[in-house]
Amino acid sequence: MKRILTLLCTTYVAISAIKAQEIDVNSFVLKDSYELKGDEVKKDGNGYNCAMIIVYFQEAGLSFENSYLMFTSTVGSSYKVYMAPGASRLTIKHDDYLPKTITFEDYGIKRLQSNKAYTINLVADNTSNALDKQIAESWKETQPNPKDPEYQYTQAKIYYMGFEGEPDYDMAFDLFSKSAAQGNVNAIYHLGLSYFYGQGTVSNQSKAISYFKSAAEKGHAMAQFKYANCLNPMIPEITGRKSIKDAISWYEKAAANGLMAAKNNLSVIYLQYDPTNFGAGTSDVKKFGFPEYYSKGLRYLRECESEGFAEAYLNLANIYLDGIGVSKDESKAIGYLNKGVANGYYECYNTLGSCYMHGLGVTLNMTKAFEYFKLAAEKGSPKGNYNLALCYQLGHGTSVNYFNAAKYYQKAAGQRIAVAETNLGNMYEWGQGVTKNLAKAFDLYENAAQDGDPNGYTNMGRMYHEGLYVAKDINKAVTYYTKAADLGNYGGLINLAMLYQTGAGVPLDAYKAVELYERAVKVDYTGAAYYNYGCLYYFGCGKIRKDYKKAYELFMKSADMNFSHAQYNIGVMYLNGEGVSVSRSKGTEYVKKAAAQGHEAAKDLLKRL
């Protein structure tokens with residue numbers, strides 16, 4: 001039975017994730033090969049050329065502080081900040097948000113370079129009633145009632161954000177709890193954060209979701225967004241009840257309150273999925289969305305673009321690459337990807353890599369693809385680590401290097417990329433780039449399944465089926481194959497169908513096998529499902545009698561996908577006149593096709609012919 005190796009290198013759809021800070025750095029990068037010219041060149045107090053940092057934020061009104069700061073200028077919601085080369089940090093302030101100090105080394109930039117340009121992409125939560133330290137301190141001096149819920153919330157934020165030293169999550173949690181008990185909506189929301197991230201208490205997703213829901217129902221926009229994320233089937237890291245309809249409803253509420261991240265997620269859902277019949281991961285979901293929702297999705301996406309929301313560039317590139325709601329235009333997609341990179345959104349590197357790998361809008365160039373995946377990985381992108389590992393494993397744009405493949409799969413697996421866990425499990429199972437370790441492989445498959453890759457269930461089922469590391473147990477194999485099949489997984493469907501077709505460890509059930517094959521052929525990319533399905537009719541199975549015409553039809557679909565076993569069978573059927581008129585020429589033609597792929601029986605038959 002074949003191992004399942006996930007080999008995916010697709011465009012990335014940006015879904016906004018949950019963030020805890022009021023202002024956060026989405027990316028901070030050097031603009032490669034960009035030299036300051038003309039009016040852009042500024043000098044510091046010692047006569048050295050400054051570095052220029054372009055800061056993008058969703059709102060106007062940012063101010064900057066640092067002893068190395070020389071000049072600033074503002075155009076809308078973008079800012080040019082000039083700093084002396086020795087600068088190592090920058091403090092960003094806004095009247096409506098908590099101040100944010102960025103230490104450059106945290107982003108791999110040890111020292112600003114003269115005459116070079118950098119980009120910082122900021123994201124923020126403009127609904128959390130962020131606390132200003134001076135206001136909080138002045139209020140404290142008025143000696144308010146310590147049981148006042150607003151005062152308790154204020155003091156909790158002081159502890160939570162570390163205004164008086166290091167954050168004290170225990171004290172913050174205690175005060176958030178007291179304030180929330182009196183109905184303070186911001187405290188309720190922050191209790192959700194505390195449980196979600198395990199800050200001041202034990203991490204508990206179900207309690208976090210309960211508090212997010214409570215705050216969302218009271219109109220807190222960020223709670224509405226985060227509760228929607230918890231309901232969204234596209235975010236498998238969050239467990240519990242999923243409902244795309246409810247997720248959409250709460251995203252819409254957050255979007256109405258001005259939250260760009262909610263508009264972004266709505267644009268993805270409306271443009272790529274059917275909101276009325278959503279089943280993430282199943283074979284019944286169409287690859288791209290439904291036209292009746294395109295106008296909504298495009299409207300939200302354009303709003304995100306106009307506000308400079310970073311993920312919008314990637315999502316715009318994707319819709320032009322695939323022609324979703326717009327005319328397909330690969331060159332325009334490349335333009336958006338380059339704009340995303342210029343604005344410091346490093347996930348665009350991954351899609352640029354995919355474009356070069358498949359020749360979309362650019363000349364196919366595997367070396368360039370590898371270079372872009374490497375850039376994404378260097379910026380800490382989980383998808384970049386995965387794609388780079390895949391290149392090393394398959395020799396795409398570089399030499400095959402199993403050691404490096406395992407190294408980057410390990411990084412991506414540590415970032416909870418489920419398919420990376422599956423592929424790393426394969427490498428441990430087969431001893432590629434790592435010492436063979438079936439126990440480690442099994443654990444990785446289990447983690448992959450829990451993180452949303454149904455191939456993990458398929459591989460666990462296979463290990464129980466074959467008795468690899470674990471004791472052979474056909475019942476457990478069926479359990480795991482069924483879990484994978486329920487998620488529309490090709491391997492789970494075909495392996496389970498074969499068991500019912502042969503009665504190996506389960507009661508023989510031809511109709512159950514047919515049902516599973518019907519689902520498997522919808523996601524068949526190898527021809528194996530069509531071939532096995534054809535065998536069921538060629539040989540007969542249980543209450544289903546032989547049907548050569550039906551077998552021929554299915555074998556031909558498999559043969560057209562270049563599956564050698566099916567090509568051989570088609571050749572034999574023409575030679576014997578089974579379901580078709582006898583034709584030595586057509587029979588020989590298909591036997592030759594199978595033999596050319598190394599099919600041993602076809603080689604032997606070809607000699608006799």
# chains A, B, ... in the order shown; residues from 1 in each chain; ligands from 1
$ select_by_dssp --residues "range 234-442 of chain A" --states "alpha helix (DSSP H)" --output "PDB file with C-alpha atoms, in the first residue's frame"
ATOM      1  CA  ILE A 244     -19.499  28.981   8.311  1.00  0.00           C
ATOM      2  CA  LYS A 245     -22.920  30.649   8.354  1.00  0.00           C
ATOM      3  CA  ASP A 246     -22.470  31.812  11.944  1.00  0.00           C
ATOM      4  CA  ALA A 247     -18.858  32.820  11.233  1.00  0.00           C
ATOM      5  CA  ILE A 248     -20.035  34.983   8.323  1.00  0.00           C
ATOM      6  CA  SER A 249     -22.716  36.573  10.488  1.00  0.00           C
ATOM      7  CA  TRP A 250     -20.165  37.620  13.125  1.00  0.00           C
ATOM      8  CA  TYR A 251     -17.590  38.731  10.545  1.00  0.00           C
ATOM      9  CA  GLU A 252     -20.291  40.942   9.020  1.00  0.00           C
ATOM     10  CA  LYS A 253     -20.963  42.523  12.420  1.00  0.00           C
ATOM     11  CA  ALA A 254     -17.234  43.173  12.973  1.00  0.00           C
ATOM     12  CA  ALA A 255     -16.894  44.555   9.431  1.00  0.00           C
ATOM     13  CA  ALA A 256     -19.803  46.927  10.068  1.00  0.00           C
ATOM     14  CA  MET A 260     -10.424  45.448   8.214  1.00  0.00           C
ATOM     15  CA  ALA A 261      -9.422  41.920   9.220  1.00  0.00           C
ATOM     16  CA  ALA A 262     -13.097  40.904   9.219  1.00  0.00           C
ATOM     17  CA  LYS A 263     -13.608  42.402   5.751  1.00  0.00           C
ATOM     18  CA  ASN A 264     -10.545  40.509   4.533  1.00  0.00           C
ATOM     19  CA  ASN A 265     -11.860  37.180   5.814  1.00  0.00           C
ATOM     20  CA  LEU A 266     -15.277  37.834   4.298  1.00  0.00           C
ATOM     21  CA  SER A 267     -13.665  38.555   0.936  1.00  0.00           C
ATOM     22  CA  VAL A 268     -11.879  35.178   1.056  1.00  0.00           C
ATOM     23  CA  ILE A 269     -15.053  33.299   1.969  1.00  0.00           C
ATOM     24  CA  TYR A 270     -17.265  35.008  -0.618  1.00  0.00           C
ATOM     25  CA  LEU A 271     -14.714  34.673  -3.430  1.00  0.00           C
ATOM     26  CA  GLN A 272     -13.495  31.145  -2.850  1.00  0.00           C
ATOM     27  CA  TYR A 294     -18.390  37.591  -5.983  1.00  0.00           C
ATOM     28  CA  SER A 295     -19.637  41.182  -5.804  1.00  0.00           C
ATOM     29  CA  LYS A 296     -19.673  41.064  -1.994  1.00  0.00           C
ATOM     30  CA  GLY A 297     -16.206  39.558  -1.864  1.00  0.00           C
ATOM     31  CA  LEU A 298     -14.744  42.064  -4.319  1.00  0.00           C
ATOM     32  CA  ARG A 299     -16.304  44.992  -2.472  1.00  0.00           C
ATOM     33  CA  TYR A 300     -14.711  43.951   0.801  1.00  0.00           C
ATOM     34  CA  LEU A 301     -11.379  43.203  -0.871  1.00  0.00           C
ATOM     35  CA  ARG A 302     -11.248  46.622  -2.568  1.00  0.00           C
ATOM     36  CA  GLU A 303     -12.035  48.293   0.761  1.00  0.00           C
ATOM     37  CA  CYS A 304      -9.101  46.442   2.326  1.00  0.00           C
ATOM     38  CA  GLU A 305      -6.854  47.502  -0.557  1.00  0.00           C
ATOM     39  CA  SER A 306      -7.865  51.147  -0.261  1.00  0.00           C
ATOM     40  CA  GLU A 311      -3.195  40.746   3.032  1.00  0.00           C
ATOM     41  CA  ALA A 312      -5.321  42.413   0.355  1.00  0.00           C
ATOM     42  CA  TYR A 313      -2.401  42.446  -2.112  1.00  0.00           C
ATOM     43  CA  LEU A 314      -2.004  38.683  -1.840  1.00  0.00           C
ATOM     44  CA  ASN A 315      -5.722  37.985  -2.115  1.00  0.00           C
ATOM     45  CA  LEU A 316      -6.027  40.318  -5.115  1.00  0.00           C
ATOM     46  CA  ALA A 317      -3.154  38.479  -6.765  1.00  0.00           C
ATOM     47  CA  ASN A 318      -4.916  35.167  -6.171  1.00  0.00           C
ATOM     48  CA  ILE A 319      -8.212  36.218  -7.731  1.00  0.00           C
ATOM     49  CA  TYR A 320      -6.409  37.498 -10.841  1.00  0.00           C
ATOM     50  CA  LEU A 321      -4.358  34.303 -11.064  1.00  0.00           C
ATOM     51  CA  ASP A 322      -7.496  32.159 -10.987  1.00  0.00           C
ATOM     52  CA  GLU A 330      -1.576  36.742 -14.526  1.00  0.00           C
ATOM     53  CA  SER A 331       0.530  39.849 -15.206  1.00  0.00           C
ATOM     54  CA  LYS A 332      -1.756  41.938 -12.989  1.00  0.00           C
ATOM     55  CA  ALA A 333      -1.437  39.249 -10.310  1.00  0.00           C
ATOM     56  CA  ILE A 334       2.355  39.494 -10.476  1.00  0.00           C
ATOM     57  CA  GLY A 335       2.026  43.265 -10.072  1.00  0.00           C
ATOM     58  CA  TYR A 336       0.000  42.837  -6.885  1.00  0.00           C
ATOM     59  CA  LEU A 337       2.489  40.297  -5.541  1.00  0.00           C
ATOM     60  CA  ASN A 338       5.381  42.664  -6.159  1.00  0.00           C
ATOM     61  CA  LYS A 339       3.409  45.443  -4.486  1.00  0.00           C
ATOM     62  CA  GLY A 340       2.844  43.175  -1.508  1.00  0.00           C
ATOM     63  CA  VAL A 341       6.555  42.418  -1.303  1.00  0.00           C
ATOM     64  CA  ALA A 342       7.412  46.118  -1.613  1.00  0.00           C
ATOM     65  CA  GLU A 347       3.781  35.765   2.289  1.00  0.00           C
ATOM     66  CA  CYS A 348       3.727  37.158  -1.257  1.00  0.00           C
ATOM     67  CA  TYR A 349       7.154  35.561  -1.722  1.00  0.00           C
ATOM     68  CA  ASN A 350       5.475  32.149  -1.531  1.00  0.00           C
ATOM     69  CA  THR A 351       2.990  32.895  -4.277  1.00  0.00           C
ATOM     70  CA  LEU A 352       5.696  34.475  -6.426  1.00  0.00           C
ATOM     71  CA  GLY A 353       7.627  31.235  -5.980  1.00  0.00           C
ATOM     72  CA  SER A 354       4.592  29.239  -7.105  1.00  0.00           C
ATOM     73  CA  CYS A 355       4.194  31.509 -10.146  1.00  0.00           C
ATOM     74  CA  TYR A 356       7.777  30.875 -11.210  1.00  0.00           C
ATOM     75  CA  MET A 357       7.361  27.161 -10.508  1.00  0.00           C
ATOM     76  CA  HIS A 358       4.323  26.913 -12.805  1.00  0.00           C
ATOM     77  CA  MET A 366      12.507  26.649 -10.898  1.00  0.00           C
ATOM     78  CA  THR A 367      15.636  28.371  -9.599  1.00  0.00           C
ATOM     79  CA  LYS A 368      13.701  31.626  -9.129  1.00  0.00           C
ATOM     80  CA  ALA A 369      10.898  29.700  -7.427  1.00  0.00           C
ATOM     81  CA  PHE A 370      13.399  28.207  -4.999  1.00  0.00           C
ATOM     82  CA  GLU A 371      14.899  31.650  -4.311  1.00  0.00           C
ATOM     83  CA  TYR A 372      11.490  33.161  -3.474  1.00  0.00           C
ATOM     84  CA  PHE A 373      10.581  30.266  -1.193  1.00  0.00           C
ATOM     85  CA  LYS A 374      13.920  30.748   0.538  1.00  0.00           C
ATOM     86  CA  LEU A 375      13.215  34.469   1.031  1.00  0.00           C
ATOM     87  CA  ALA A 376       9.838  33.617   2.575  1.00  0.00           C
ATOM     88  CA  ALA A 377      11.458  31.051   4.871  1.00  0.00           C
ATOM     89  CA  GLU A 378      14.124  33.538   5.950  1.00  0.00           C
ATOM     90  CA  PRO A 382       5.633  28.811   7.915  1.00  0.00           C
ATOM     91  CA  LYS A 383       4.480  28.287   4.322  1.00  0.00           C
ATOM     92  CA  GLY A 384       7.949  29.370   3.138  1.00  0.00           C
ATOM     93  CA  ASN A 385       9.608  26.757   5.328  1.00  0.00           C
ATOM     94  CA  TYR A 386       7.257  24.115   3.934  1.00  0.00           C
ATOM     95  CA  ASN A 387       7.776  25.086   0.287  1.00  0.00           C
ATOM     96  CA  LEU A 388      11.549  25.249   0.730  1.00  0.00           C
ATOM     97  CA  ALA A 389      11.530  21.775   2.270  1.00  0.00           C
ATOM     98  CA  LEU A 390       9.507  20.513  -0.683  1.00  0.00           C
ATOM     99  CA  CYS A 391      12.054  21.961  -3.124  1.00  0.00           C
ATOM    100  CA  TYR A 392      14.916  20.228  -1.306  1.00  0.00           C
ATOM    101  CA  GLN A 393      13.009  16.956  -1.207  1.00  0.00           C
ATOM    102  CA  LEU A 394      12.073  16.957  -4.904  1.00  0.00           C
ATOM    103  CA  TYR A 402      16.926  15.176   2.215  1.00  0.00           C
ATOM    104  CA  PHE A 403      18.789  16.573   5.219  1.00  0.00           C
ATOM    105  CA  ASN A 404      17.740  20.146   4.368  1.00  0.00           C
ATOM    106  CA  ALA A 405      14.240  18.967   3.471  1.00  0.00           C
ATOM    107  CA  ALA A 406      13.828  17.405   6.909  1.00  0.00           C
ATOM    108  CA  LYS A 407      15.316  20.521   8.533  1.00  0.00           C
ATOM    109  CA  TYR A 408      12.755  22.858   6.966  1.00  0.00           C
ATOM    110  CA  TYR A 409       9.873  20.434   7.379  1.00  0.00           C
ATOM    111  CA  GLN A 410      10.801  20.416  11.064  1.00  0.00           C
ATOM    112  CA  LYS A 411      10.584  24.217  11.171  1.00  0.00           C
ATOM    113  CA  ALA A 412       7.223  24.237   9.391  1.00  0.00           C
ATOM    114  CA  ALA A 413       5.932  21.416  11.601  1.00  0.00           C
ATOM    115  CA  GLY A 414       6.962  23.454  14.650  1.00  0.00           C
ATOM    116  CA  ALA A 418      -0.087  20.069   9.115  1.00  0.00           C
ATOM    117  CA  VAL A 419       1.148  18.898   5.694  1.00  0.00           C
ATOM    118  CA  ALA A 420       4.730  19.496   6.857  1.00  0.00           C
ATOM    119  CA  GLU A 421       4.065  17.170   9.800  1.00  0.00           C
ATOM    120  CA  THR A 422       2.793  14.549   7.357  1.00  0.00           C
ATOM    121  CA  ASN A 423       5.795  14.850   5.029  1.00  0.00           C
ATOM    122  CA  LEU A 424       8.250  14.860   7.934  1.00  0.00           C
ATOM    123  CA  GLY A 425       6.515  11.720   9.190  1.00  0.00           C
ATOM    124  CA  ASN A 426       7.140  10.148   5.770  1.00  0.00           C
ATOM    125  CA  MET A 427      10.833  10.996   6.065  1.00  0.00           C
ATOM    126  CA  TYR A 428      11.082   9.378   9.505  1.00  0.00           C
ATOM    127  CA  GLU A 429       9.185   6.345   8.248  1.00  0.00           C
ATOM    128  CA  TRP A 430      11.540   5.848   5.318  1.00  0.00           C
ATOM    129  CA  LEU A 438       8.598   4.658  13.120  1.00  0.00           C
ATOM    130  CA  ALA A 439       7.534   5.907  16.554  1.00  0.00           C
ATOM    131  CA  LYS A 440       8.396   9.465  15.541  1.00  0.00           C
ATOM    132  CA  ALA A 441       6.595   8.977  12.220  1.00  0.00           C
ATOM    133  CA  PHE A 442       3.438   7.780  13.981  1.00  0.00           C
TER     134      PHE A 442
END
$ closest_residue --among "A:Thr363, A:Ser114, A:Pro233, A:Glu65" --to "Asn49 in chain A" --atoms "only C-alpha atoms"
A:Ser114
$ residues_around --residues "range 575-580 of chain A" --least-positions-apart "6" --cutoff "12 Å" --atoms "only C-alpha atoms" --output "ChimeraX atom specification"
/A:537-539,546-556,568-569,586-591,605-606,609
$ residues_around --residues "Lys80 in chain A" --least-positions-apart "6" --cutoff "8 Å" --atoms "only C-alpha atoms" --output "PyMOL selection string"
chain A and resi 52-55+72-74
$ closest_atom_pairs --of "range 407-471 of chain A" --to "range 476-480 of chain A" --cutoff "6 Å" --atoms "only C-alpha atoms" --output "Markdown table"
| residue | atom | partner | partner_atom | distance |
| --- | --- | --- | --- | --- |
| A:Tyr457 | CA | A:Tyr480 | CA | 5.2 |
| A:Gly461 | CA | A:Ala477 | CA | 4.0 |
| A:Tyr464 | CA | A:Ala477 | CA | 5.1 |
| A:His465 | CA | A:Ala477 | CA | 5.2 |
$ write_last_selection --atoms "N, CA and C atoms" --output "PDB file, in the first residue's frame"
ATOM      1  N   TYR A 457      -4.478  10.887   9.273  1.00  0.00           N
ATOM      2  CA  TYR A 457      -5.349   9.756   9.609  1.00  0.00           C
ATOM      3  C   TYR A 457      -5.102   8.577   8.664  1.00  0.00           C
ATOM      4  N   GLY A 461      -3.857   4.932   9.753  1.00  0.00           N
ATOM      5  CA  GLY A 461      -4.608   3.738   9.378  1.00  0.00           C
ATOM      6  C   GLY A 461      -3.718   2.726   8.679  1.00  0.00           C
ATOM      7  N   TYR A 464      -1.504   0.842  11.173  1.00  0.00           N
ATOM      8  CA  TYR A 464      -2.257  -0.224  11.858  1.00  0.00           C
ATOM      9  C   TYR A 464      -2.595  -1.357  10.890  1.00  0.00           C
ATOM     10  N   HIS A 465      -2.859  -1.017   9.655  1.00  0.00           N
ATOM     11  CA  HIS A 465      -3.202  -2.007   8.637  1.00  0.00           C
ATOM     12  C   HIS A 465      -2.018  -2.955   8.379  1.00  0.00           C
TER      13      HIS A 465
END
$ residues_around --residues "range 179-187 of chain A" --least-positions-apart "3" --cutoff "12 Å" --atoms "only C-alpha atoms" --output "CSV table (one decimal) with C-alpha atoms, in the first residue's frame"
chain,number,residue,atom,x,y,z
A,127,THR,CA,-11.9,48.5,18.9
A,128,SER,CA,-10.2,47.4,22.1
A,129,ASN,CA,-10.3,50.7,24.0
A,130,ALA,CA,-6.5,50.7,24.2
A,131,LEU,CA,-5.2,52.3,27.3
A,146,PRO,CA,-11.4,50.3,43.7
A,147,LYS,CA,-14.5,48.2,43.0
A,148,ASP,CA,-15.5,50.3,40.1
A,149,PRO,CA,-15.5,47.9,37.0
A,150,GLU,CA,-13.9,50.5,34.7
A,151,TYR,CA,-11.2,51.2,37.2
A,152,GLN,CA,-10.6,47.5,37.7
A,153,TYR,CA,-10.3,47.0,33.9
A,154,THR,CA,-7.9,50.0,33.7
A,155,GLN,CA,-5.6,48.6,36.4
A,156,ALA,CA,-5.8,45.1,34.8
A,157,LYS,CA,-4.5,46.6,31.5
A,160,TYR,CA,-1.4,43.1,31.3
A,172,ALA,CA,-4.4,41.2,35.3
A,173,PHE,CA,-6.5,38.0,35.2
A,174,ASP,CA,-7.7,38.6,38.7
A,175,LEU,CA,-8.8,42.2,37.9
A,176,PHE,CA,-10.2,41.3,34.5
A,190,HIS,CA,-9.7,40.2,27.7
A,191,LEU,CA,-10.7,37.3,29.8
A,192,GLY,CA,-11.2,35.5,26.5
A,193,LEU,CA,-7.7,36.5,25.5
A,194,SER,CA,-6.3,35.3,28.8
A,211,TYR,CA,-16.0,34.9,26.7
A,212,PHE,CA,-15.4,36.0,23.1
A,213,LYS,CA,-19.0,35.2,22.4
A,214,SER,CA,-20.3,37.0,25.4
A,215,ALA,CA,-18.3,40.2,24.5
A,216,ALA,CA,-19.3,39.8,20.9
A,217,GLU,CA,-23.0,39.8,21.8
A,218,LYS,CA,-22.4,43.0,23.7
A,219,GLY,CA,-21.1,44.7,20.5
A,220,HIS,CA,-17.3,44.4,21.0
A,221,ALA,CA,-16.0,44.4,17.4
A,222,MET,CA,-12.7,42.6,18.1
A,223,ALA,CA,-14.6,39.9,20.1
A,224,GLN,CA,-17.0,39.6,17.2
$ atom_distance --atom1 "CA of Tyr517 in chain A" --atom2 "CA of Lys557 in chain A"
13.4 Å
